[in-house]
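K.L.:
I am sharing data14.cif, which consists of mmCIF, C-alpha atoms and all ligand atoms:
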data_my_file
#
loop_
_atom_site.group_PDB
_atom_site.id
_atom_site.type_symbol
_atom_site.label_atom_id
_atom_site.label_comp_id
_atom_site.auth_asym_id
_atom_site.auth_seq_id
_atom_site.Cartn_x
_atom_site.Cartn_y
_atom_site.Cartn_z
ATOM 1 C CA MET M 1 -113.297 77.919 45.185
ATOM 2 C CA PRO M 2 -112.617 80.366 48.030
ATOM 3 C CA GLY M 3 -111.232 77.393 49.996
ATOM 4 C CA ARG M 4 -108.428 77.149 47.475
ATOM 5 C CA PHE M 5 -107.487 80.667 48.250
ATOM 6 C CA SER M 6 -104.812 81.673 50.717
ATOM 7 C CA ARG M 7 -106.005 83.018 54.036
ATOM 8 C CA ARG M 8 -103.362 85.717 53.966
ATOM 9 C CA ILE M 9 -100.261 86.427 51.903
ATOM 10 C CA LEU M 10 -98.430 89.691 52.081
ATOM 11 C CA VAL M 11 -95.529 91.054 50.025
ATOM 12 C CA VAL M 12 -93.430 93.682 51.770
ATOM 13 C CA GLU M 13 -90.125 95.400 51.054
ATOM 14 C CA GLY M 14 -87.677 95.466 53.937
ATOM 15 C CA ASP M 15 -85.382 93.578 56.291
ATOM 16 C CA ILE M 16 -86.568 90.129 57.375
ATOM 17 C CA THR M 17 -84.684 90.381 60.693
ATOM 18 C CA THR M 18 -87.200 92.996 61.896
ATOM 19 C CA GLN M 19 -90.346 91.008 61.071
ATOM 20 C CA PRO M 20 -92.561 90.468 64.153
ATOM 21 C CA VAL M 21 -93.689 86.953 63.175
ATOM 22 C CA ASP M 22 -93.512 83.551 64.903
ATOM 23 C CA ALA M 23 -90.715 82.367 62.573
ATOM 24 C CA ILE M 24 -88.484 83.853 59.921
ATOM 25 C CA VAL M 25 -86.922 81.656 57.270
ATOM 26 C CA ASN M 26 -83.185 81.839 56.684
ATOM 27 C CA ALA M 27 -81.639 81.257 53.244
ATOM 28 C CA ALA M 28 -78.660 79.368 54.646
ATOM 29 C CA ASN M 29 -75.962 77.082 53.276
ATOM 30 C CA GLU M 30 -75.561 73.387 54.027
ATOM 31 C CA THR M 31 -73.234 73.964 56.992
ATOM 32 C CA LEU M 32 -75.834 76.171 58.729
ATOM 33 C CA LEU M 33 -72.882 78.035 60.226
ATOM 34 C CA GLY M 34 -73.688 81.441 58.729
ATOM 35 C CA GLY M 35 -72.620 83.299 55.638
ATOM 36 C CA GLY M 36 -73.384 86.539 53.821
ATOM 37 C CA GLY M 37 -76.655 87.982 52.557
ATOM 38 C CA VAL M 38 -79.765 87.254 54.566
ATOM 39 C CA ASP M 39 -77.933 84.429 56.417
ATOM 40 C CA GLY M 40 -75.378 86.902 57.706
ATOM 41 C CA ALA M 41 -78.048 89.461 58.595
ATOM 42 C CA ILE M 42 -80.051 86.911 60.584
ATOM 43 C CA HIS M 43 -77.004 85.636 62.494
ATOM 44 C CA ARG M 44 -75.912 89.185 63.309
ATOM 45 C CA ALA M 45 -79.364 90.153 64.554
ATOM 46 C CA ALA M 46 -79.940 86.911 66.499
ATOM 47 C CA GLY M 47 -76.572 86.926 68.234
ATOM 48 C CA PRO M 48 -73.860 84.270 68.705
ATOM 49 C CA GLU M 49 -76.183 81.822 70.454
ATOM 50 C CA LEU M 50 -77.804 81.114 67.068
ATOM 51 C CA LYS M 51 -74.591 79.733 65.619
ATOM 52 C CA GLU M 52 -73.979 77.681 68.759
ATOM 53 C CA GLU M 53 -77.389 76.010 68.364
ATOM 54 C CA CYS M 54 -76.824 75.548 64.617
ATOM 55 C CA ARG M 55 -73.582 73.691 65.339
ATOM 56 C CA MET M 56 -75.642 70.916 66.969
ATOM 57 C CA LEU M 57 -77.890 70.452 63.935
ATOM 58 C CA GLY M 58 -75.433 68.618 61.703
ATOM 59 C CA GLY M 59 -76.060 70.764 58.651
ATOM 60 C CA CYS M 60 -79.017 70.760 56.249
ATOM 61 C CA ARG M 61 -79.485 69.491 52.691
ATOM 62 C CA ALA M 62 -80.821 71.643 49.867
ATOM 63 C CA GLY M 63 -84.629 71.789 49.907
ATOM 64 C CA GLU M 64 -84.815 70.724 53.553
ATOM 65 C CA VAL M 65 -85.337 72.674 56.773
ATOM 66 C CA LYS M 66 -84.115 72.796 60.381
ATOM 67 C CA ILE M 67 -85.480 74.988 63.201
ATOM 68 C CA THR M 68 -83.766 76.921 65.977
ATOM 69 C CA ARG M 69 -84.754 79.590 68.461
ATOM 70 C CA GLY M 70 -84.632 83.222 67.337
ATOM 71 C CA TYR M 71 -82.672 84.568 70.355
ATOM 72 C CA HIS M 72 -82.398 88.384 69.963
ATOM 73 C CA LEU M 73 -84.636 88.476 66.871
ATOM 74 C CA PRO M 74 -88.275 89.643 67.195
ATOM 75 C CA ALA M 75 -89.213 86.246 65.719
ATOM 76 C CA GLN M 76 -89.389 83.395 68.205
ATOM 77 C CA TYR M 77 -87.883 80.876 65.777
ATOM 78 C CA VAL M 78 -85.623 80.698 62.742
ATOM 79 C CA ILE M 79 -86.391 78.027 60.156
ATOM 80 C CA HIS M 80 -83.181 77.461 58.253
ATOM 81 C CA THR M 81 -83.416 76.171 54.714
ATOM 82 C CA VAL M 82 -80.924 75.714 51.915
ATOM 83 C CA GLY M 83 -82.090 76.821 48.505
ATOM 84 C CA PRO M 84 -80.835 75.391 45.208
ATOM 85 C CA VAL M 85 -77.853 76.894 43.468
ATOM 86 C CA TRP M 86 -79.053 77.993 40.017
ATOM 87 C CA ARG M 87 -77.376 75.860 37.329
ATOM 88 C CA GLY M 88 -79.515 76.736 34.341
ATOM 89 C CA GLY M 89 -82.822 75.199 35.408
ATOM 90 C CA GLN M 90 -82.312 71.603 34.249
ATOM 91 C CA HIS M 91 -81.135 70.147 37.567
ATOM 92 C CA GLY M 92 -84.351 70.178 39.614
ATOM 93 C CA GLU M 93 -83.814 73.702 40.892
ATOM 94 C CA ASP M 94 -87.511 74.650 40.661
ATOM 95 C CA GLU M 95 -88.656 71.675 42.744
ATOM 96 C CA LEU M 96 -85.893 72.163 45.302
ATOM 97 C CA LEU M 97 -86.908 75.811 45.721
ATOM 98 C CA ALA M 98 -90.570 74.854 46.093
ATOM 99 C CA SER M 99 -89.516 72.266 48.674
ATOM 100 C CA CYS M 100 -87.851 74.992 50.769
ATOM 101 C CA TYR M 101 -91.150 76.895 51.019
ATOM 102 C CA ARG M 102 -93.282 73.776 51.423
ATOM 103 C CA GLN M 103 -91.139 72.162 54.129
ATOM 104 C CA ALA M 104 -90.793 75.445 56.034
ATOM 105 C CA LEU M 105 -94.581 75.867 56.109
ATOM 106 C CA ASP M 106 -95.110 72.221 57.082
ATOM 107 C CA LEU M 107 -92.569 72.557 59.914
ATOM 108 C CA ALA M 108 -94.151 75.817 61.123
ATOM 109 C CA ARG M 109 -97.595 74.204 61.088
ATOM 110 C CA SER M 110 -96.331 71.118 62.944
ATOM 111 C CA ARG M 111 -94.955 73.409 65.664
ATOM 112 C CA GLY M 112 -98.244 75.313 65.948
ATOM 113 C CA LEU M 113 -96.771 78.530 64.544
ATOM 114 C CA LYS M 114 -99.227 80.983 62.937
ATOM 115 C CA THR M 115 -97.121 83.597 61.118
ATOM 116 C CA ILE M 116 -93.975 83.172 59.052
ATOM 117 C CA ALA M 117 -91.763 85.408 56.914
ATOM 118 C CA PHE M 118 -89.651 84.306 53.945
ATOM 119 C CA PRO M 119 -86.814 86.037 52.102
ATOM 120 C CA ALA M 120 -86.480 85.488 48.360
ATOM 121 C CA ILE M 121 -84.608 82.217 48.809
ATOM 122 C CA SER M 122 -81.748 81.454 46.356
ATOM 123 C CA THR M 123 -82.111 84.742 44.443
ATOM 124 C CA GLY M 124 -78.894 86.281 45.764
ATOM 125 C CA ALA M 125 -75.595 84.407 45.946
ATOM 126 C CA TYR M 126 -77.258 81.270 44.558
ATOM 127 C CA GLY M 127 -78.295 83.101 41.406
ATOM 128 C CA PHE M 128 -81.874 81.848 40.969
ATOM 129 C CA PRO M 129 -83.715 84.179 38.536
ATOM 130 C CA LEU M 130 -85.885 86.499 40.658
ATOM 131 C CA ALA M 131 -89.054 86.485 38.527
ATOM 132 C CA ARG M 132 -89.014 82.685 38.277
ATOM 133 C CA ALA M 133 -88.393 82.341 42.017
ATOM 134 C CA ALA M 134 -91.258 84.739 42.777
ATOM 135 C CA VAL M 135 -93.795 82.648 40.870
ATOM 136 C CA ILE M 136 -92.563 79.391 42.467
ATOM 137 C CA ALA M 137 -92.661 80.977 45.935
ATOM 138 C CA VAL M 138 -96.182 82.452 45.610
ATOM 139 C CA ARG M 139 -97.682 79.328 44.031
ATOM 140 C CA THR M 140 -96.120 77.008 46.621
ATOM 141 C CA VAL M 141 -97.187 79.196 49.530
ATOM 142 C CA LEU M 142 -100.773 79.437 48.286
ATOM 143 C CA GLU M 143 -100.977 75.702 47.576
ATOM 144 C CA CYS M 144 -99.839 74.999 51.145
ATOM 145 C CA LEU M 145 -102.126 77.617 52.704
ATOM 146 C CA SER M 146 -105.161 76.408 50.768
ATOM 147 C CA ARG M 147 -104.622 72.940 52.286
ATOM 148 C CA SER M 148 -104.477 74.063 55.908
ATOM 149 C CA GLN M 149 -106.011 76.806 58.029
ATOM 150 C CA GLU M 150 -103.432 76.938 60.801
ATOM 151 C CA ILE M 151 -100.978 79.411 59.216
ATOM 152 C CA THR M 152 -102.707 82.799 59.305
ATOM 153 C CA ARG M 153 -100.098 84.988 57.614
ATOM 154 C CA VAL M 154 -97.151 84.517 55.270
ATOM 155 C CA VAL M 155 -94.991 87.579 54.666
ATOM 156 C CA LEU M 156 -92.755 87.530 51.586
ATOM 157 C CA VAL M 157 -90.016 90.005 52.491
ATOM 158 C CA CYS M 158 -88.314 91.527 49.465
ATOM 159 C CA HIS M 159 -85.031 93.387 49.453
ATOM 160 C CA GLY M 160 -85.290 96.186 46.914
ATOM 161 C CA ASP M 161 -87.919 97.616 44.602
ATOM 162 C CA ARG M 162 -87.422 95.144 41.750
ATOM 163 C CA ALA M 163 -87.926 92.119 43.998
ATOM 164 C CA PHE M 164 -90.965 93.755 45.600
ATOM 165 C CA HIS M 165 -92.668 94.394 42.263
ATOM 166 C CA LEU M 166 -91.834 90.939 40.910
ATOM 167 C CA PHE M 167 -93.306 89.250 43.988
ATOM 168 C CA GLN M 168 -96.281 91.628 43.958
ATOM 169 C CA ASP M 169 -96.784 90.796 40.258
ATOM 170 C CA ALA M 170 -96.649 87.080 41.069
ATOM 171 C CA VAL M 171 -99.532 87.636 43.516
ATOM 172 C CA THR M 172 -101.329 89.787 40.920
ATOM 173 C CA GLU M 173 -100.877 86.998 38.376
ATOM 174 C CA LEU M 174 -102.722 84.751 40.778
ATOM 175 C CA PHE M 175 -105.634 87.219 40.971
ATOM 176 C CA SER M 176 -105.948 87.381 37.194
ATOM 177 C CA GLU M 177 -105.501 83.590 36.888
ATOM 178 C CA TYR M 178 -107.926 82.983 39.727
ATOM 179 C CA ASP M 179 -110.994 82.684 37.547
ATOM 180 C CA GLY M 180 -109.546 82.781 34.023
ATOM 181 C CA ARG M 181 -111.372 85.963 33.260
ATOM 182 C CA GLU M 182 -108.871 86.647 30.445
ATOM 183 C CA ASP M 183 -110.638 84.431 27.922
ATOM 184 C CA ARG M 184 -114.080 85.658 28.958
ATOM 185 C CA ASN M 185 -113.120 89.254 28.246
ATOM 186 C CA ASN M 186 -111.345 88.545 24.940
ATOM 187 C CA ALA M 187 -109.193 91.642 25.384
ATOM 188 C CA ALA M 188 -105.482 91.327 24.713
ATOM 189 C CA PRO M 189 -103.228 92.186 27.667
ATOM 190 C CA GLY M 190 -102.591 95.913 27.589
ATOM 191 C CA GLU M 191 -105.572 96.603 25.347
ATOM 192 C CA PRO M 192 -107.382 99.730 26.625
ATOM 193 C CA ALA M 193 -110.079 98.847 29.124
ATOM 194 C CA SER M 194 -112.546 100.697 26.910
ATOM 195 C CA ALA M 195 -112.286 97.787 24.429
ATOM 196 C CA TRP M 196 -114.227 95.624 26.879
ATOM 197 C CA GLN M 197 -117.905 95.406 27.602
ATOM 198 C CA GLU M 198 -118.330 97.463 30.766
ATOM 199 C CA GLY M 199 -119.648 94.363 32.539
ATOM 200 C CA GLY M 200 -116.386 92.403 31.979
ATOM 201 C CA LEU M 201 -114.196 94.930 33.793
ATOM 202 C CA GLY M 202 -116.731 95.603 36.495
ATOM 203 C CA GLU M 203 -117.308 91.888 36.922
ATOM 204 C CA GLN M 204 -113.570 91.272 37.327
ATOM 205 C CA ALA M 205 -113.212 94.141 39.811
ATOM 206 C CA ARG M 206 -116.193 92.853 41.835
ATOM 207 C CA ALA M 207 -114.819 89.294 41.852
ATOM 208 C CA GLU M 208 -111.331 90.372 42.863
ATOM 209 C CA ILE M 209 -112.757 92.469 45.709
ATOM 210 C CA GLN M 210 -114.771 89.415 46.763
ATOM 211 C CA ILE M 211 -111.497 87.426 46.788
ATOM 212 C CA ILE M 212 -110.057 90.029 49.189
ATOM 213 C CA GLU M 213 -113.140 89.681 51.409
ATOM 214 C CA VAL M 214 -112.689 85.881 51.445
ATOM 215 C CA ILE M 215 -108.945 86.021 52.117
ATOM 216 C CA HIS M 216 -109.377 88.329 55.098
ATOM 217 C CA GLY M 217 -112.796 87.199 56.320
ATOM 218 C CA ILE M 218 -114.178 90.754 56.016
ATOM 219 C CA ARG M 219 -117.181 92.493 54.394
ATOM 220 C CA ILE M 220 -116.503 95.685 52.421
ATOM 221 C CA VAL M 221 -119.723 97.682 52.729
ATOM 222 C CA ASN M 222 -118.886 100.175 49.915
ATOM 223 C CA LYS M 223 -117.882 97.438 47.450
ATOM 224 C CA GLU M 224 -119.996 98.755 44.548
ATOM 225 C CA ARG M 225 -118.512 102.235 44.922
ATOM 226 C CA LEU M 226 -115.012 100.669 44.904
ATOM 227 C CA VAL M 227 -115.898 98.771 41.730
ATOM 228 C CA ASP M 228 -117.017 101.985 40.021
ATOM 229 C CA GLU M 229 -113.894 103.907 41.061
ATOM 230 C CA ILE M 230 -111.512 101.094 40.077
ATOM 231 C CA VAL M 231 -113.256 100.574 36.698
ATOM 232 C CA ARG M 232 -112.987 104.340 36.059
ATOM 233 C CA HIS M 233 -109.272 104.297 36.926
ATOM 234 C CA ALA M 234 -108.058 101.001 35.402
ATOM 235 C CA ARG M 235 -106.487 101.351 31.963
ATOM 236 C CA THR M 236 -106.048 97.609 31.287
ATOM 237 C CA ARG M 237 -106.832 94.237 32.780
ATOM 238 C CA GLN M 238 -103.327 93.979 34.233
ATOM 239 C CA HIS M 239 -103.642 97.490 35.698
ATOM 240 C CA MET M 240 -106.912 96.427 37.317
ATOM 241 C CA SER M 241 -105.267 93.410 38.960
ATOM 242 C CA ARG M 242 -102.383 95.516 40.259
ATOM 243 C CA ILE M 243 -104.920 97.805 41.921
ATOM 244 C CA THR M 244 -106.755 94.942 43.628
ATOM 245 C CA ALA M 245 -103.488 93.266 44.673
ATOM 246 C CA ALA M 246 -102.370 96.584 46.229
ATOM 247 C CA LEU M 247 -105.785 96.861 47.946
ATOM 248 C CA ASN M 248 -105.285 93.321 49.301
ATOM 249 C CA SER M 249 -101.910 94.307 50.786
ATOM 250 C CA TRP M 250 -103.450 97.467 52.293
ATOM 251 C CA VAL M 251 -106.190 95.412 53.977
ATOM 252 C CA ALA M 252 -103.575 92.985 55.345
ATOM 253 C CA ILE M 253 -101.214 95.708 56.585
ATOM 254 C CA LYS M 254 -104.085 97.607 58.275
ATOM 255 C CA GLY M 255 -105.272 94.345 59.839
ATOM 256 C CA ILE M 256 -108.854 95.106 58.766
ATOM 257 C CA VAL M 257 -111.453 92.777 60.349
ATOM 258 C CA GLY M 258 -115.242 92.428 60.214
ATOM 259 C CA GLU M 259 -117.330 94.993 58.302
ATOM 260 C CA THR M 260 -115.374 97.873 56.847
ATOM 261 C CA GLU M 261 -115.704 100.827 54.472
ATOM 262 C CA ILE M 262 -112.642 101.613 52.336
ATOM 263 C CA PRO M 263 -112.317 105.439 52.434
ATOM 264 C CA ASP M 264 -112.219 107.196 49.033
ATOM 265 C CA ASP M 265 -108.955 108.940 49.881
ATOM 266 C CA GLU M 266 -107.295 105.635 50.783
ATOM 267 C CA LEU M 267 -108.410 104.088 47.486
ATOM 268 C CA ASP M 268 -107.111 107.147 45.614
ATOM 269 C CA ARG M 269 -103.779 106.825 47.429
ATOM 270 C CA ILE M 270 -103.556 103.108 46.581
ATOM 271 C CA MET M 271 -104.389 103.679 42.904
ATOM 272 C CA THR M 272 -102.031 106.621 42.448
ATOM 273 C CA GLY M 273 -99.365 104.735 44.419
ATOM 274 C CA ILE M 274 -99.137 101.934 41.893
ATOM 275 C CA ASP M 275 -99.191 104.378 38.978
ATOM 276 C CA LYS M 276 -95.852 105.862 40.065
HETATM 277 N N1 LIG F 1 -83.923 90.790 54.556
HETATM 278 C C1 LIG F 1 -84.606 90.260 53.505
HETATM 279 N N2 LIG F 1 -84.010 89.830 52.362
HETATM 280 C C2 LIG F 1 -82.663 89.958 52.299
HETATM 281 C C3 LIG F 1 -81.878 90.495 53.351
HETATM 282 C C4 LIG F 1 -82.576 90.920 54.513
HETATM 283 N N3 LIG F 1 -81.929 91.452 55.566
HETATM 284 N N4 LIG F 1 -80.569 90.467 52.960
HETATM 285 C C5 LIG F 1 -80.548 89.948 51.721
HETATM 286 N N5 LIG F 1 -81.790 89.646 51.311
HETATM 287 C C6 LIG F 1 -82.242 89.069 50.044
HETATM 288 C C7 LIG F 1 -81.332 89.213 48.876
HETATM 289 O O1 LIG F 1 -81.479 90.480 48.259
HETATM 290 C C8 LIG F 1 -81.835 88.087 47.986
HETATM 291 O O2 LIG F 1 -82.954 88.552 47.252
HETATM 292 O O3 LIG F 1 -82.341 87.680 50.243
HETATM 293 C C9 LIG F 1 -82.325 87.033 48.979
HETATM 294 C C10 LIG F 1 -81.448 85.805 49.073
HETATM 295 O O4 LIG F 1 -80.093 86.172 48.881
HETATM 296 P P1 LIG F 1 -78.898 85.490 49.721
HETATM 297 O O5 LIG F 1 -78.935 85.951 51.097
HETATM 298 O O6 LIG F 1 -77.655 85.699 48.942
HETATM 299 O O7 LIG F 1 -79.268 83.919 49.750
HETATM 300 P P2 LIG F 1 -79.168 82.826 48.609
HETATM 301 O O8 LIG F 1 -79.237 83.397 47.248
HETATM 302 O O9 LIG F 1 -80.179 81.801 49.007
HETATM 303 O O10 LIG F 1 -77.691 82.255 48.808
HETATM 304 C C11 LIG F 1 -77.423 81.549 49.989
HETATM 305 O O11 LIG F 1 -75.534 82.909 50.506
HETATM 306 O O12 LIG F 1 -75.385 84.106 52.436
HETATM 307 C C12 LIG F 1 -74.991 82.955 51.830
HETATM 308 O O13 LIG F 1 -74.736 81.405 53.642
HETATM 309 C C13 LIG F 1 -75.546 81.748 52.527
HETATM 310 O O14 LIG F 1 -74.208 80.265 51.248
HETATM 311 C C14 LIG F 1 -75.523 80.756 51.420
HETATM 312 C C15 LIG F 1 -75.910 81.579 50.211
#
Would you mind writing the file's structure down as structure tokens?
Ligand code: APR
P.N.:
Amino acid sequence: MPGRFSRRILVVEGDITTQPVDAIVNAANETLLGGGGVDGAIHRAAGPELKEECRMLGGCRAGEVKITRGYHLPAQYVIHTVGPVWRGGQHGEDELLASCYRQALDLARSRGLKTIAFPAISTGAYGFPLARAAVIAVRTVLECLSRSQEITRVVLVCHGDRAFHLFQDAVTELFSEYDGREDRNNAAPGEPASAWQEGGLGEQARAEIQIIEVIHGIRIVNKERLVDEIVRHARTRQHMSRITAALNSWVAIKGIVGETEIPDDELDRIMTGIDK
């Protein structure tokens, strides 16, 4: 089961042009000659050489990818992809969007790249619904990562609070789906945690912390204390999963390795942070 799980996936809010990764993904158009949104930001940050190299690529079809150097970007490469234009969802848009993520990861892996950052492809000018795109992006990334070990970190870079929370929720959804604990606890979403047997909540907290240990290859020595604190704090099942997803991001951002103890004050900060 842990093998199915992503090695590392991180949701951040910010500007993809500043990401210190091996490759950033550009949400381009079929000409690959620049545009607005993230395409414009990447071309501005990379410099004019990027467009000169793109001219030689002969364009790119929706769902496919092409790679160039990153020039003045912190990232060594730019993987250009063209997302689907949203036309109501009955024209293969979901699969085309998934193909953008899948082909970008396959290309990165084939070039021996380890870390890659994605914007929320197609969710701007191309009008793809953000929540739907978030689920497609997270599922596709995790499916790809569970099949290969080479990519060590995928950063989903969100522009704005709403995108960040939708992508974070898509990751949280994965935690709560991970072992189908919903049916075992028989509590309706949003029902007060007190409606559960204590074991159900504690069991879910322990399992989700174990998932974090597997993802990051670490051992959390004060796991039982974390379980107690999170069970005391969580109001519902969904609230519990948001806490563990935020803890997962904290572990990734801190670059925790080996044996570690999560300080009480850090856990308090994480839990109060998502309650805002
Ligand atoms: N960093 C990260 N994300 C960004 C940035 C940035 N600097 N700038 C914009 N975004 C976000 C947007 O908020 C949106 O969520 O990227 C997402 C994709 O939006 P667009 O850039 O509009 O891309 P897309 O919807 O795929 O449309 C592509 O727009 O810019 C043109 O040439 C491009 O024709 C193509 C079309």
K.L.:
Each residue of chain M with at least one atom at most 10 Å from ligand LIG 1 (chain F) should appear once, together with its nearest atom pair and the corresponding distance in Å (one decimal); atoms considered: all atoms listed in the file; ordering: chain, then increasing residue number; output as JSON lines.
P.N.:
{"residue": "M:Val12", "atom": "CA", "partner": "F:LIG1", "partner_atom": "C1", "distance": 9.6}
{"residue": "M:Glu13", "atom": "CA", "partner": "F:LIG1", "partner_atom": "C1", "distance": 7.9}
{"residue": "M:Gly14", "atom": "CA", "partner": "F:LIG1", "partner_atom": "N1", "distance": 6.0}
{"residue": "M:Asp15", "atom": "CA", "partner": "F:LIG1", "partner_atom": "N1", "distance": 3.6}
{"residue": "M:Ile16", "atom": "CA", "partner": "F:LIG1", "partner_atom": "N1", "distance": 3.9}
{"residue": "M:Thr17", "atom": "CA", "partner": "F:LIG1", "partner_atom": "N3", "distance": 5.9}
{"residue": "M:Thr18", "atom": "CA", "partner": "F:LIG1", "partner_atom": "N1", "distance": 8.3}
{"residue": "M:Gln19", "atom": "CA", "partner": "F:LIG1", "partner_atom": "N1", "distance": 9.2}
{"residue": "M:Ile24", "atom": "CA", "partner": "F:LIG1", "partner_atom": "C1", "distance": 9.9}
{"residue": "M:Val25", "atom": "CA", "partner": "F:LIG1", "partner_atom": "C1", "distance": 9.7}
{"residue": "M:Asn26", "atom": "CA", "partner": "F:LIG1", "partner_atom": "O5", "distance": 8.1}
{"residue": "M:Ala27", "atom": "CA", "partner": "F:LIG1", "partner_atom": "O9", "distance": 4.5}
{"residue": "M:Ala28", "atom": "CA", "partner": "F:LIG1", "partner_atom": "C13", "distance": 4.5}
{"residue": "M:Asn29", "atom": "CA", "partner": "F:LIG1", "partner_atom": "C14", "distance": 4.1}
{"residue": "M:Glu30", "atom": "CA", "partner": "F:LIG1", "partner_atom": "O14", "distance": 7.5}
{"residue": "M:Thr31", "atom": "CA", "partner": "F:LIG1", "partner_atom": "O13", "distance": 8.3}
{"residue": "M:Leu32", "atom": "CA", "partner": "F:LIG1", "partner_atom": "O13", "distance": 7.4}
{"residue": "M:Leu33", "atom": "CA", "partner": "F:LIG1", "partner_atom": "O13", "distance": 7.6}
{"residue": "M:Gly34", "atom": "CA", "partner": "F:LIG1", "partner_atom": "O13", "distance": 5.2}
{"residue": "M:Gly35", "atom": "CA", "partner": "F:LIG1", "partner_atom": "O13", "distance": 3.5}
{"residue": "M:Gly36", "atom": "CA", "partner": "F:LIG1", "partner_atom": "O12", "distance": 3.4}
{"residue": "M:Gly37", "atom": "CA", "partner": "F:LIG1", "partner_atom": "O5", "distance": 3.4}
{"residue": "M:Val38", "atom": "CA", "partner": "F:LIG1", "partner_atom": "N4", "distance": 3.7}
{"residue": "M:Asp39", "atom": "CA", "partner": "F:LIG1", "partner_atom": "O12", "distance": 4.7}
{"residue": "M:Gly40", "atom": "CA", "partner": "F:LIG1", "partner_atom": "O12", "distance": 6.0}
{"residue": "M:Ala41", "atom": "CA", "partner": "F:LIG1", "partner_atom": "N3", "distance": 5.3}
{"residue": "M:Ile42", "atom": "CA", "partner": "F:LIG1", "partner_atom": "N3", "distance": 7.0}
{"residue": "M:Ala45", "atom": "CA", "partner": "F:LIG1", "partner_atom": "N3", "distance": 9.4}
{"residue": "M:Thr81", "atom": "CA", "partner": "F:LIG1", "partner_atom": "O9", "distance": 8.6}
{"residue": "M:Val82", "atom": "CA", "partner": "F:LIG1", "partner_atom": "O9", "distance": 6.8}
{"residue": "M:Gly83", "atom": "CA", "partner": "F:LIG1", "partner_atom": "O9", "distance": 5.4}
{"residue": "M:Pro84", "atom": "CA", "partner": "F:LIG1", "partner_atom": "O9", "distance": 7.5}
{"residue": "M:Val85", "atom": "CA", "partner": "F:LIG1", "partner_atom": "O10", "distance": 7.6}
{"residue": "M:Trp86", "atom": "CA", "partner": "F:LIG1", "partner_atom": "O8", "distance": 9.0}
{"residue": "M:Leu97", "atom": "CA", "partner": "F:LIG1", "partner_atom": "O9", "distance": 9.6}
{"residue": "M:Ala117", "atom": "CA", "partner": "F:LIG1", "partner_atom": "C1", "distance": 9.3}
{"residue": "M:Phe118", "atom": "CA", "partner": "F:LIG1", "partner_atom": "C1", "distance": 7.8}
{"residue": "M:Pro119", "atom": "CA", "partner": "F:LIG1", "partner_atom": "N2", "distance": 4.7}
{"residue": "M:Ala120", "atom": "CA", "partner": "F:LIG1", "partner_atom": "C9", "distance": 4.5}
{"residue": "M:Ile121", "atom": "CA", "partner": "F:LIG1", "partner_atom": "O9", "distance": 4.5}
{"residue": "M:Ser122", "atom": "CA", "partner": "F:LIG1", "partner_atom": "O9", "distance": 3.1}
{"residue": "M:Thr123", "atom": "CA", "partner": "F:LIG1", "partner_atom": "O8", "distance": 4.2}
{"residue": "M:Gly124", "atom": "CA", "partner": "F:LIG1", "partner_atom": "O8", "distance": 3.3}
{"residue": "M:Ala125", "atom": "CA", "partner": "F:LIG1", "partner_atom": "O6", "distance": 3.9}
{"residue": "M:Tyr126", "atom": "CA", "partner": "F:LIG1", "partner_atom": "O8", "distance": 4.0}
{"residue": "M:Gly127", "atom": "CA", "partner": "F:LIG1", "partner_atom": "O8", "distance": 5.9}
{"residue": "M:Phe128", "atom": "CA", "partner": "F:LIG1", "partner_atom": "O8", "distance": 7.0}
{"residue": "M:Pro129", "atom": "CA", "partner": "F:LIG1", "partner_atom": "O2", "distance": 9.8}
{"residue": "M:Leu130", "atom": "CA", "partner": "F:LIG1", "partner_atom": "O2", "distance": 7.5}
{"residue": "M:Ala133", "atom": "CA", "partner": "F:LIG1", "partner_atom": "O2", "distance": 9.8}
{"residue": "M:Leu156", "atom": "CA", "partner": "F:LIG1", "partner_atom": "C1", "distance": 8.8}
{"residue": "M:Val157", "atom": "CA", "partner": "F:LIG1", "partner_atom": "C1", "distance": 5.5}
{"residue": "M:Cys158", "atom": "CA", "partner": "F:LIG1", "partner_atom": "N2", "distance": 5.5}
{"residue": "M:His159", "atom": "CA", "partner": "F:LIG1", "partner_atom": "N2", "distance": 4.7}
{"residue": "M:Gly160", "atom": "CA", "partner": "F:LIG1", "partner_atom": "O1", "distance": 7.0}
{"residue": "M:Arg162", "atom": "CA", "partner": "F:LIG1", "partner_atom": "O2", "distance": 9.7}
{"residue": "M:Ala163", "atom": "CA", "partner": "F:LIG1", "partner_atom": "O2", "distance": 6.9}
{"residue": "M:Phe164", "atom": "CA", "partner": "F:LIG1", "partner_atom": "O2", "distance": 9.7}
K.L.:
Taking (-86.6, 77.9, 69.4) in the file's own coordinates, collect the residues within 12 Å, counting only C-alpha atoms, and hand them back as a count of residues only.
P.N.:
25
K.L.:
Report the distance between CA of His91 (chain M) and CA of Gly58 (chain M) in Å, rounded to one decimal place.
P.N.:
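About the pair CA of His91 (chain M) and CA of Gly58 (chain M): they are 24.8 Å apart.
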K.L.:
Determine, counting all atoms listed in the file, every residue of protein, DNA or RNA that lies within 10 Å of (-95.7, 75.1, 51.6) in the file coordinates, then give the result as a list of chain:residue names.
P.N.:
M:Ala98, M:Ser99, M:Cys100, M:Tyr101, M:Arg102, M:Gln103, M:Ala104, M:Leu105, M:Asp106, M:Leu107, M:Ala108, M:Arg109, M:Ala137, M:Val138, M:Arg139, M:Thr140, M:Val141, M:Leu142, M:Glu143, M:Cys144, M:Leu145, M:Ser146, M:Arg147, M:Ser148
K.L.:
Hey, which of M:Gln204, M:Gln238, M:Gln168, M:Thr244 ends up closest to Val155 (chain M)? Count all atoms listed in the file.
P.N.:
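Smallest distance to Val155 (chain M) is found for M:Gln168.
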